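**Student:** Following this line is protein-v1.txt, made up of compact mmCIF, N, CA and C atoms and all ligand atoms:
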# COMPACT_ATOMS: atom_id res chain seq x y z
N MET A 1 -32.05 25.68 10.40
CA MET A 1 -31.95 26.33 11.72
C MET A 1 -30.59 26.02 12.35
N GLN A 2 -29.88 27.06 12.70
CA GLN A 2 -28.55 26.90 13.28
C GLN A 2 -28.65 26.62 14.77
N ASN A 3 -27.62 25.99 15.27
CA ASN A 3 -27.53 25.83 16.71
C ASN A 3 -26.77 27.02 17.30
N TYR A 4 -27.54 27.95 17.89
CA TYR A 4 -26.95 29.21 18.34
C TYR A 4 -25.93 29.02 19.45
N LYS A 5 -26.20 28.04 20.31
CA LYS A 5 -25.29 27.83 21.43
C LYS A 5 -23.91 27.39 20.90
N GLU A 6 -23.94 26.46 19.95
CA GLU A 6 -22.68 26.01 19.35
C GLU A 6 -21.96 27.14 18.63
N MET A 7 -22.75 27.96 17.91
CA MET A 7 -22.14 29.09 17.19
C MET A 7 -21.38 29.99 18.16
N LEU A 8 -22.04 30.31 19.28
CA LEU A 8 -21.41 31.20 20.26
C LEU A 8 -20.17 30.55 20.88
N ASN A 9 -20.30 29.27 21.21
CA ASN A 9 -19.18 28.57 21.85
C ASN A 9 -17.96 28.52 20.93
N LYS A 10 -18.22 28.38 19.64
CA LYS A 10 -17.13 28.33 18.67
C LYS A 10 -16.29 29.61 18.74
N TYR A 11 -16.93 30.71 19.10
CA TYR A 11 -16.24 32.00 19.21
C TYR A 11 -15.86 32.30 20.66
N ASN A 12 -15.88 31.28 21.50
CA ASN A 12 -15.56 31.46 22.92
C ASN A 12 -16.45 32.49 23.60
N LEU A 13 -17.71 32.49 23.23
CA LEU A 13 -18.67 33.40 23.87
C LEU A 13 -19.65 32.56 24.67
N LYS A 14 -19.95 33.04 25.87
CA LYS A 14 -20.92 32.33 26.69
C LYS A 14 -22.31 32.47 26.09
N ALA A 15 -23.02 31.36 26.02
CA ALA A 15 -24.35 31.40 25.40
C ALA A 15 -25.41 31.77 26.44
N THR A 16 -25.54 33.08 26.70
CA THR A 16 -26.58 33.53 27.62
C THR A 16 -27.91 33.62 26.86
N PRO A 17 -29.03 33.54 27.57
CA PRO A 17 -30.33 33.65 26.89
C PRO A 17 -30.45 34.95 26.08
N GLN A 18 -29.91 36.04 26.61
CA GLN A 18 -29.97 37.31 25.87
C GLN A 18 -29.23 37.22 24.55
N ARG A 19 -28.01 36.67 24.62
CA ARG A 19 -27.21 36.57 23.40
C ARG A 19 -27.88 35.68 22.37
N ILE A 20 -28.45 34.57 22.84
CA ILE A 20 -29.11 33.66 21.89
C ILE A 20 -30.27 34.38 21.22
N TYR A 21 -31.03 35.14 22.01
CA TYR A 21 -32.14 35.87 21.42
C TYR A 21 -31.64 36.96 20.46
N MET A 22 -30.55 37.62 20.84
CA MET A 22 -29.98 38.66 19.96
C MET A 22 -29.60 38.08 18.60
N ILE A 23 -28.89 36.96 18.59
CA ILE A 23 -28.45 36.46 17.28
C ILE A 23 -29.63 35.90 16.50
N LYS A 24 -30.63 35.37 17.20
CA LYS A 24 -31.84 34.93 16.51
C LYS A 24 -32.46 36.12 15.77
N GLU A 25 -32.56 37.23 16.47
CA GLU A 25 -33.16 38.44 15.91
C GLU A 25 -32.30 38.98 14.76
N ILE A 26 -30.99 38.98 14.93
CA ILE A 26 -30.10 39.48 13.88
C ILE A 26 -30.21 38.59 12.65
N GLU A 27 -30.29 37.28 12.88
CA GLU A 27 -30.40 36.36 11.74
C GLU A 27 -31.72 36.57 11.00
N LYS A 28 -32.79 36.77 11.79
CA LYS A 28 -34.11 36.96 11.19
C LYS A 28 -34.14 38.22 10.32
N LYS A 29 -33.59 39.33 10.87
CA LYS A 29 -33.65 40.61 10.17
C LYS A 29 -32.54 40.76 9.13
N GLY A 30 -31.48 39.99 9.26
CA GLY A 30 -30.34 40.12 8.34
C GLY A 30 -29.36 41.18 8.81
N HIS A 31 -29.88 42.40 9.00
CA HIS A 31 -29.07 43.51 9.51
C HIS A 31 -29.94 44.29 10.47
N ILE A 32 -29.38 44.70 11.59
CA ILE A 32 -30.21 45.42 12.56
C ILE A 32 -29.35 46.45 13.29
N ASP A 33 -29.95 47.60 13.62
CA ASP A 33 -29.19 48.56 14.43
C ASP A 33 -29.52 48.35 15.90
N ILE A 34 -28.70 48.96 16.76
CA ILE A 34 -28.80 48.68 18.19
C ILE A 34 -30.16 49.07 18.75
N ASP A 35 -30.71 50.19 18.29
CA ASP A 35 -32.00 50.64 18.83
C ASP A 35 -33.12 49.65 18.52
N ASP A 36 -33.14 49.15 17.30
CA ASP A 36 -34.17 48.17 16.93
C ASP A 36 -33.97 46.86 17.70
N LEU A 37 -32.71 46.49 17.86
CA LEU A 37 -32.42 45.27 18.60
C LEU A 37 -32.86 45.41 20.06
N TYR A 38 -32.60 46.58 20.62
CA TYR A 38 -33.00 46.86 22.00
C TYR A 38 -34.52 46.79 22.14
N GLU A 39 -35.24 47.36 21.20
CA GLU A 39 -36.71 47.31 21.23
C GLU A 39 -37.21 45.86 21.21
N ALA A 40 -36.61 45.06 20.33
CA ALA A 40 -37.02 43.66 20.20
C ALA A 40 -36.72 42.88 21.48
N LEU A 41 -35.57 43.16 22.07
CA LEU A 41 -35.16 42.44 23.29
C LEU A 41 -36.06 42.77 24.47
N LYS A 42 -36.52 44.02 24.52
CA LYS A 42 -37.33 44.46 25.65
C LYS A 42 -38.64 43.67 25.76
N ASN A 43 -39.13 43.18 24.61
CA ASN A 43 -40.34 42.37 24.64
C ASN A 43 -40.14 41.08 25.41
N ILE A 44 -38.93 40.55 25.35
CA ILE A 44 -38.65 39.26 25.98
C ILE A 44 -38.00 39.46 27.35
N PHE A 45 -37.10 40.45 27.42
CA PHE A 45 -36.39 40.72 28.66
C PHE A 45 -36.69 42.16 29.09
N PRO A 46 -37.82 42.36 29.79
CA PRO A 46 -38.28 43.74 30.07
C PRO A 46 -37.27 44.57 30.85
N TYR A 47 -36.38 43.93 31.61
CA TYR A 47 -35.47 44.70 32.46
C TYR A 47 -34.11 44.92 31.83
N ILE A 48 -33.93 44.51 30.59
CA ILE A 48 -32.63 44.67 29.95
C ILE A 48 -32.36 46.16 29.71
N SER A 49 -31.10 46.57 29.86
CA SER A 49 -30.75 47.98 29.63
C SER A 49 -30.03 48.11 28.30
N LEU A 50 -30.06 49.34 27.78
CA LEU A 50 -29.38 49.60 26.52
C LEU A 50 -27.88 49.34 26.67
N ALA A 51 -27.36 49.64 27.86
CA ALA A 51 -25.93 49.41 28.11
C ALA A 51 -25.58 47.93 27.99
N THR A 52 -26.47 47.07 28.46
CA THR A 52 -26.24 45.63 28.36
C THR A 52 -26.22 45.19 26.90
N VAL A 53 -27.12 45.76 26.12
CA VAL A 53 -27.16 45.41 24.69
C VAL A 53 -25.84 45.83 24.04
N TYR A 54 -25.40 47.06 24.34
CA TYR A 54 -24.12 47.55 23.80
C TYR A 54 -22.97 46.64 24.20
N LYS A 55 -22.95 46.27 25.47
CA LYS A 55 -21.85 45.45 25.98
C LYS A 55 -21.78 44.12 25.23
N ASN A 56 -22.95 43.50 25.05
CA ASN A 56 -23.00 42.22 24.36
C ASN A 56 -22.61 42.36 22.89
N ILE A 57 -23.13 43.40 22.25
CA ILE A 57 -22.80 43.63 20.84
C ILE A 57 -21.29 43.84 20.68
N ASN A 58 -20.73 44.64 21.60
CA ASN A 58 -19.29 44.91 21.52
C ASN A 58 -18.46 43.65 21.67
N SER A 59 -18.81 42.81 22.63
CA SER A 59 -17.99 41.62 22.81
C SER A 59 -18.18 40.64 21.65
N MET A 60 -19.36 40.64 21.06
CA MET A 60 -19.56 39.73 19.92
C MET A 60 -18.93 40.29 18.65
N THR A 61 -18.76 41.62 18.59
CA THR A 61 -18.13 42.23 17.41
C THR A 61 -16.61 42.10 17.49
N LYS A 62 -16.09 42.25 18.72
CA LYS A 62 -14.65 42.25 18.92
C LYS A 62 -13.99 40.98 18.39
N ASN A 63 -14.65 39.85 18.60
CA ASN A 63 -14.00 38.61 18.15
C ASN A 63 -14.54 38.10 16.82
N GLY A 64 -15.25 38.97 16.11
CA GLY A 64 -15.62 38.61 14.74
C GLY A 64 -16.90 37.82 14.58
N PHE A 65 -17.60 37.58 15.67
CA PHE A 65 -18.86 36.84 15.55
C PHE A 65 -19.91 37.69 14.84
N LEU A 66 -19.91 38.98 15.17
CA LEU A 66 -20.78 39.94 14.48
C LEU A 66 -19.93 40.89 13.66
N ILE A 67 -20.51 41.37 12.58
CA ILE A 67 -19.82 42.33 11.72
C ILE A 67 -20.59 43.64 11.75
N GLU A 68 -19.82 44.73 11.89
CA GLU A 68 -20.41 46.07 11.83
C GLU A 68 -20.62 46.46 10.38
N VAL A 69 -21.81 46.90 10.04
CA VAL A 69 -22.07 47.38 8.68
C VAL A 69 -22.24 48.88 8.76
N LYS A 70 -21.24 49.60 8.25
CA LYS A 70 -21.30 51.06 8.32
C LYS A 70 -21.70 51.60 6.97
N ILE A 71 -22.77 52.35 6.96
CA ILE A 71 -23.25 52.95 5.72
C ILE A 71 -23.48 54.42 5.98
N PRO A 72 -22.90 55.28 5.11
CA PRO A 72 -23.04 56.72 5.33
C PRO A 72 -24.51 57.11 5.52
N LYS A 73 -24.76 58.01 6.43
CA LYS A 73 -26.09 58.56 6.71
C LYS A 73 -27.00 57.61 7.50
N LEU A 74 -26.57 56.37 7.68
CA LEU A 74 -27.42 55.43 8.42
C LEU A 74 -26.76 55.05 9.73
N LYS A 75 -27.60 54.59 10.67
CA LYS A 75 -27.06 54.06 11.91
C LYS A 75 -26.31 52.77 11.60
N THR A 76 -25.25 52.52 12.32
CA THR A 76 -24.50 51.28 12.12
C THR A 76 -25.40 50.09 12.37
N ARG A 77 -25.37 49.14 11.47
CA ARG A 77 -26.14 47.92 11.67
C ARG A 77 -25.18 46.77 11.88
N TYR A 78 -25.72 45.70 12.41
CA TYR A 78 -24.90 44.53 12.70
C TYR A 78 -25.45 43.32 11.98
N GLU A 79 -24.54 42.44 11.57
CA GLU A 79 -24.97 41.21 10.93
C GLU A 79 -24.08 40.09 11.41
N LEU A 80 -24.54 38.85 11.22
CA LEU A 80 -23.72 37.70 11.56
C LEU A 80 -22.60 37.60 10.54
N SER A 81 -21.47 37.14 11.00
CA SER A 81 -20.32 36.97 10.12
C SER A 81 -20.67 36.02 8.97
N LYS A 82 -20.44 36.44 7.76
CA LYS A 82 -20.69 35.57 6.60
C LYS A 82 -19.68 35.89 5.52
N ASN A 83 -19.76 35.20 4.39
CA ASN A 83 -18.80 35.42 3.31
C ASN A 83 -18.79 36.87 2.87
N SER A 84 -17.64 37.31 2.37
CA SER A 84 -17.47 38.67 1.90
C SER A 84 -18.58 39.04 0.92
N HIS A 85 -19.21 40.17 1.17
CA HIS A 85 -20.30 40.57 0.29
C HIS A 85 -20.45 42.09 0.27
N ALA A 86 -21.26 42.57 -0.66
CA ALA A 86 -21.58 43.98 -0.75
C ALA A 86 -23.03 44.16 -0.32
N HIS A 87 -23.49 45.41 -0.26
CA HIS A 87 -24.86 45.67 0.17
C HIS A 87 -25.63 46.47 -0.86
N LEU A 88 -26.91 46.22 -0.88
CA LEU A 88 -27.84 47.01 -1.68
C LEU A 88 -28.74 47.76 -0.72
N LEU A 89 -28.90 49.05 -0.94
CA LEU A 89 -29.75 49.85 -0.06
C LEU A 89 -30.86 50.48 -0.87
N CYS A 90 -32.11 50.23 -0.48
CA CYS A 90 -33.24 50.83 -1.18
C CYS A 90 -33.49 52.23 -0.61
N LYS A 91 -33.49 53.22 -1.49
CA LYS A 91 -33.67 54.62 -1.07
C LYS A 91 -35.09 54.88 -0.57
N LYS A 92 -36.03 54.03 -0.98
CA LYS A 92 -37.43 54.26 -0.64
C LYS A 92 -37.80 53.61 0.69
N CYS A 93 -37.57 52.31 0.80
CA CYS A 93 -38.02 51.62 2.02
C CYS A 93 -36.88 51.38 3.00
N GLY A 94 -35.65 51.68 2.60
CA GLY A 94 -34.53 51.53 3.52
C GLY A 94 -34.07 50.10 3.72
N GLU A 95 -34.58 49.19 2.91
CA GLU A 95 -34.18 47.79 3.06
C GLU A 95 -32.71 47.62 2.68
N LEU A 96 -32.01 46.85 3.49
CA LEU A 96 -30.60 46.57 3.23
C LEU A 96 -30.48 45.09 2.90
N THR A 97 -29.92 44.79 1.72
CA THR A 97 -29.85 43.42 1.26
C THR A 97 -28.40 43.05 0.97
N ASP A 98 -28.06 41.81 1.20
CA ASP A 98 -26.73 41.32 0.85
C ASP A 98 -26.67 40.97 -0.62
N ILE A 99 -25.52 41.24 -1.22
CA ILE A 99 -25.28 40.72 -2.56
C ILE A 99 -23.87 40.16 -2.60
N PHE A 100 -23.80 38.90 -3.00
CA PHE A 100 -22.51 38.22 -2.96
C PHE A 100 -21.82 38.37 -4.32
N ILE A 101 -21.01 39.43 -4.42
CA ILE A 101 -20.26 39.67 -5.64
C ILE A 101 -18.77 39.63 -5.31
N ASP A 102 -17.97 39.50 -6.34
CA ASP A 102 -16.52 39.45 -6.17
C ASP A 102 -15.98 40.88 -6.05
N LYS A 103 -15.53 41.23 -4.83
CA LYS A 103 -15.05 42.59 -4.62
C LYS A 103 -13.56 42.72 -4.93
N LYS A 104 -12.94 41.60 -5.29
CA LYS A 104 -11.49 41.60 -5.50
C LYS A 104 -11.09 42.56 -6.61
N TRP A 105 -11.87 42.58 -7.68
CA TRP A 105 -11.53 43.41 -8.83
C TRP A 105 -11.51 44.89 -8.45
N ILE A 106 -12.56 45.32 -7.73
CA ILE A 106 -12.64 46.72 -7.28
C ILE A 106 -11.46 47.04 -6.38
N THR A 107 -11.19 46.14 -5.46
CA THR A 107 -10.12 46.38 -4.48
C THR A 107 -8.76 46.47 -5.18
N ASN A 108 -8.49 45.53 -6.08
CA ASN A 108 -7.21 45.54 -6.80
C ASN A 108 -7.04 46.81 -7.62
N ASN A 109 -8.10 47.20 -8.28
CA ASN A 109 -8.09 48.39 -9.10
C ASN A 109 -7.79 49.63 -8.26
N ALA A 110 -8.49 49.76 -7.15
CA ALA A 110 -8.32 50.91 -6.27
C ALA A 110 -6.91 50.95 -5.72
N SER A 111 -6.39 49.79 -5.38
CA SER A 111 -5.05 49.70 -4.83
C SER A 111 -4.01 50.12 -5.86
N GLU A 112 -4.19 49.67 -7.10
CA GLU A 112 -3.26 50.02 -8.17
C GLU A 112 -3.29 51.51 -8.46
N GLU A 113 -4.48 52.06 -8.51
CA GLU A 113 -4.64 53.48 -8.82
C GLU A 113 -4.04 54.38 -7.76
N SER A 114 -4.18 53.98 -6.49
CA SER A 114 -3.86 54.88 -5.39
C SER A 114 -2.57 54.53 -4.67
N GLY A 115 -2.10 53.31 -4.85
CA GLY A 115 -0.92 52.88 -4.11
C GLY A 115 -1.23 52.51 -2.67
N TYR A 116 -2.50 52.49 -2.31
CA TYR A 116 -2.89 52.12 -0.95
C TYR A 116 -2.74 50.63 -0.70
N ILE A 117 -2.45 50.28 0.53
CA ILE A 117 -2.64 48.90 0.97
C ILE A 117 -4.06 48.87 1.51
N ILE A 118 -4.95 48.22 0.82
CA ILE A 118 -6.35 48.27 1.21
C ILE A 118 -6.67 47.13 2.17
N GLU A 119 -7.25 47.49 3.29
CA GLU A 119 -7.54 46.49 4.32
C GLU A 119 -9.00 46.11 4.35
N ASN A 120 -9.85 46.98 3.87
CA ASN A 120 -11.28 46.74 4.02
C ASN A 120 -12.01 47.40 2.86
N THR A 121 -12.86 46.67 2.20
CA THR A 121 -13.62 47.22 1.07
C THR A 121 -15.10 47.17 1.40
N LEU A 122 -15.69 48.35 1.56
CA LEU A 122 -17.11 48.40 1.85
C LEU A 122 -17.83 48.91 0.61
N VAL A 123 -18.68 48.09 0.04
CA VAL A 123 -19.38 48.47 -1.18
C VAL A 123 -20.88 48.50 -0.91
N THR A 124 -21.49 49.64 -1.18
CA THR A 124 -22.95 49.75 -1.06
C THR A 124 -23.53 50.30 -2.35
N PHE A 125 -24.47 49.61 -2.89
CA PHE A 125 -25.20 50.08 -4.06
C PHE A 125 -26.51 50.68 -3.58
N GLU A 126 -26.84 51.86 -4.08
CA GLU A 126 -28.06 52.52 -3.66
C GLU A 126 -29.04 52.55 -4.82
N GLY A 127 -30.30 52.36 -4.56
CA GLY A 127 -31.27 52.39 -5.65
C GLY A 127 -32.67 52.08 -5.16
N ILE A 128 -33.46 51.50 -6.02
CA ILE A 128 -34.85 51.17 -5.71
C ILE A 128 -35.02 49.66 -5.79
N CYS A 129 -35.50 49.06 -4.74
CA CYS A 129 -35.63 47.60 -4.70
C CYS A 129 -36.78 47.14 -5.61
N PRO A 130 -36.78 45.86 -6.00
CA PRO A 130 -37.83 45.36 -6.90
C PRO A 130 -39.24 45.57 -6.35
N LYS A 131 -39.39 45.45 -5.01
CA LYS A 131 -40.72 45.60 -4.44
C LYS A 131 -41.23 47.03 -4.60
N CYS A 132 -40.36 48.02 -4.32
CA CYS A 132 -40.76 49.42 -4.47
C CYS A 132 -40.99 49.76 -5.94
N GLN A 133 -40.24 49.12 -6.83
CA GLN A 133 -40.47 49.34 -8.26
C GLN A 133 -41.87 48.89 -8.63
N LYS A 134 -42.24 47.71 -8.08
CA LYS A 134 -43.55 47.16 -8.40
C LYS A 134 -44.67 48.04 -7.83
N ASP A 135 -44.42 48.60 -6.65
CA ASP A 135 -45.41 49.47 -6.02
C ASP A 135 -45.38 50.89 -6.59
N ASN A 136 -44.55 51.08 -7.62
CA ASN A 136 -44.39 52.40 -8.26
C ASN A 136 -43.92 53.47 -7.30
N LYS A 137 -43.17 53.07 -6.29
CA LYS A 137 -42.74 54.05 -5.30
C LYS A 137 -41.63 54.95 -5.85
N PHE A 138 -41.09 54.61 -7.01
CA PHE A 138 -40.01 55.43 -7.55
C PHE A 138 -40.57 56.66 -8.28
N LEU A 139 -41.90 56.71 -8.44
CA LEU A 139 -42.49 57.84 -9.15
C LEU A 139 -42.52 59.09 -8.26
ZN ZN A 201 -37.65 49.39 -1.39
ZN ZN A 202 -24.74 42.14 4.91
Show me, as structure tokens, the structure contained in the file I just sent.

**Tutor:**
Amino acid sequence: MQNYKEMLNKYNLKATPQRIYMIKEIEKKGHIDIDDLYEALKNIFPYISLATVYKNINSMTKNGFLIEVKIPKLKTRYELSKNSHAHLLCKKCGELTDIFIDKKWITNNASEESGYIIENTLVTFEGICPKCQKDNKFL
């Protein structure tokens, strides 16, 4: 269990009860979009507004405490800053999982082929997760 207050302070963010609950929820879910986060927060803070959630997410994203996960066709999700990784997306249940692979090879290759200076490598693998395979959901 992490100390959320210390985590926030390390990034020069004030540890408000809302923010602490937000990062608890993000840590629990791994990746979450704003609407789901808003729904979860409303259970604890009935008077919170969507604008407040956006404001907090934006300030936590701006300084790198949260990372935006952009995946085509999906709502942007947010995760806590962690080591460079790729994502696995299950086409059946929509589960998004982290996979810690070395993206350097892909990035170097792409850069050599295209002459681009690559600043950001977003890798998403799409398929069927082990649980859906077991449930025969791929049939
Ligand atoms: Zn699945
Ligand atoms: Zn992730």

**Student:** Would you work out the distance separating atom N of Asn63 of chain A from atom CA of Lys82 of chain A, expressed in Å to one decimal?

**Tutor:** 14.1 Å

**Student:** Could you check how far atom CA of Ile101 of chain A sits from atom CA of Asn120 of chain A, in Å to one decimal?

**Tutor:**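 Separation between atom CA of Ile101 of chain A and atom CA of Asn120 of chain A: 15.0 Å.
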
**Student:** Find the residues of chain A that sit at most 10 Å from ligand ZN 202 (chain A); for each, write down the nearest two atoms and how far apart they are in Å, to one decimal. Count only C-alpha atoms and all ligand atoms. Sort by chain, then by number going up, and give it as a Markdown table.

**Tutor:**
| residue | atom | partner | partner_atom | distance |
| --- | --- | --- | --- | --- |
| A:Gly30 | CA | A:ZN202 | ZN | 6.9 |
| A:His31 | CA | A:ZN202 | ZN | 6.5 |
| A:Ile32 | CA | A:ZN202 | ZN | 10.0 |
| A:Ile67 | CA | A:ZN202 | ZN | 8.4 |
| A:Glu68 | CA | A:ZN202 | ZN | 9.1 |
| A:Val69 | CA | A:ZN202 | ZN | 7.0 |
| A:Arg77 | CA | A:ZN202 | ZN | 9.0 |
| A:Tyr78 | CA | A:ZN202 | ZN | 8.1 |
| A:Glu79 | CA | A:ZN202 | ZN | 6.1 |
| A:Leu80 | CA | A:ZN202 | ZN | 8.1 |
| A:Ser81 | CA | A:ZN202 | ZN | 8.6 |
| A:Lys82 | CA | A:ZN202 | ZN | 7.9 |
| A:Asn83 | CA | A:ZN202 | ZN | 9.1 |
| A:Ser84 | CA | A:ZN202 | ZN | 8.6 |
| A:His85 | CA | A:ZN202 | ZN | 6.6 |
| A:Ala86 | CA | A:ZN202 | ZN | 6.7 |
| A:His87 | CA | A:ZN202 | ZN | 5.9 |
| A:Leu88 | CA | A:ZN202 | ZN | 8.8 |
| A:Leu96 | CA | A:ZN202 | ZN | 7.5 |
| A:Thr97 | CA | A:ZN202 | ZN | 6.4 |
| A:Asp98 | CA | A:ZN202 | ZN | 4.6 |
| A:Ile99 | CA | A:ZN202 | ZN | 7.6 |
| A:Phe100 | CA | A:ZN202 | ZN | 9.1 |
| A:Thr124 | CA | A:ZN202 | ZN | 9.8 |

**Student:** Hey, which bits of chain A sit within 6 Å of ligand ZN 201 (chain A), and for each residue what's the closest pair of atoms and how far apart in Å (one decimal), counting only N, CA and C atoms and all ligand atoms, rows by chain and increasing number, as JSON lines?

**Tutor:**
{"residue": "A:Cys90", "atom": "CA", "partner": "A:ZN201", "partner_atom": "ZN", "distance": 4.6}
{"residue": "A:Lys91", "atom": "N", "partner": "A:ZN201", "partner_atom": "ZN", "distance": 5.7}
{"residue": "A:Lys92", "atom": "C", "partner": "A:ZN201", "partner_atom": "ZN", "distance": 4.7}
{"residue": "A:Cys93", "atom": "N", "partner": "A:ZN201", "partner_atom": "ZN", "distance": 3.7}
{"residue": "A:Gly94", "atom": "N", "partner": "A:ZN201", "partner_atom": "ZN", "distance": 5.0}
{"residue": "A:Glu95", "atom": "N", "partner": "A:ZN201", "partner_atom": "ZN", "distance": 5.3}
{"residue": "A:Ile128", "atom": "C", "partner": "A:ZN201", "partner_atom": "ZN", "distance": 5.1}
{"residue": "A:Cys129", "atom": "N", "partner": "A:ZN201", "partner_atom": "ZN", "distance": 4.0}
{"residue": "A:Pro130", "atom": "N", "partner": "A:ZN201", "partner_atom": "ZN", "distance": 5.9}
{"residue": "A:Lys131", "atom": "C", "partner": "A:ZN201", "partner_atom": "ZN", "distance": 5.4}
{"residue": "A:Cys132", "atom": "N", "partner": "A:ZN201", "partner_atom": "ZN", "distance": 4.2}

**Student:** Please return as an NGL selection string: the residues of chain A that backbone DSSP assigns to alpha helix (DSSP H).

**Tutor:** :A and (4-10 or 17-29 or 34-44 or 50-62 or 104-114 or 130-134)

**Student:** Identify, with DSSP run on backbone atoms, the residues in segment 50-105 of chain A assigned to strand (DSSP E or B), and express the list as a ChimeraX atom specification.

**Tutor:** /A:66-69,77-80,86-90,96-99

**Student:** Using atom CA of Glu39 of chain A and atom CA of Thr61 of chain A as the two end points, give the distance in Å to one decimal.

**Tutor:**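 For atom CA of Glu39 of chain A relative to atom CA of Thr61 of chain A, the distance reads 19.6 Å.
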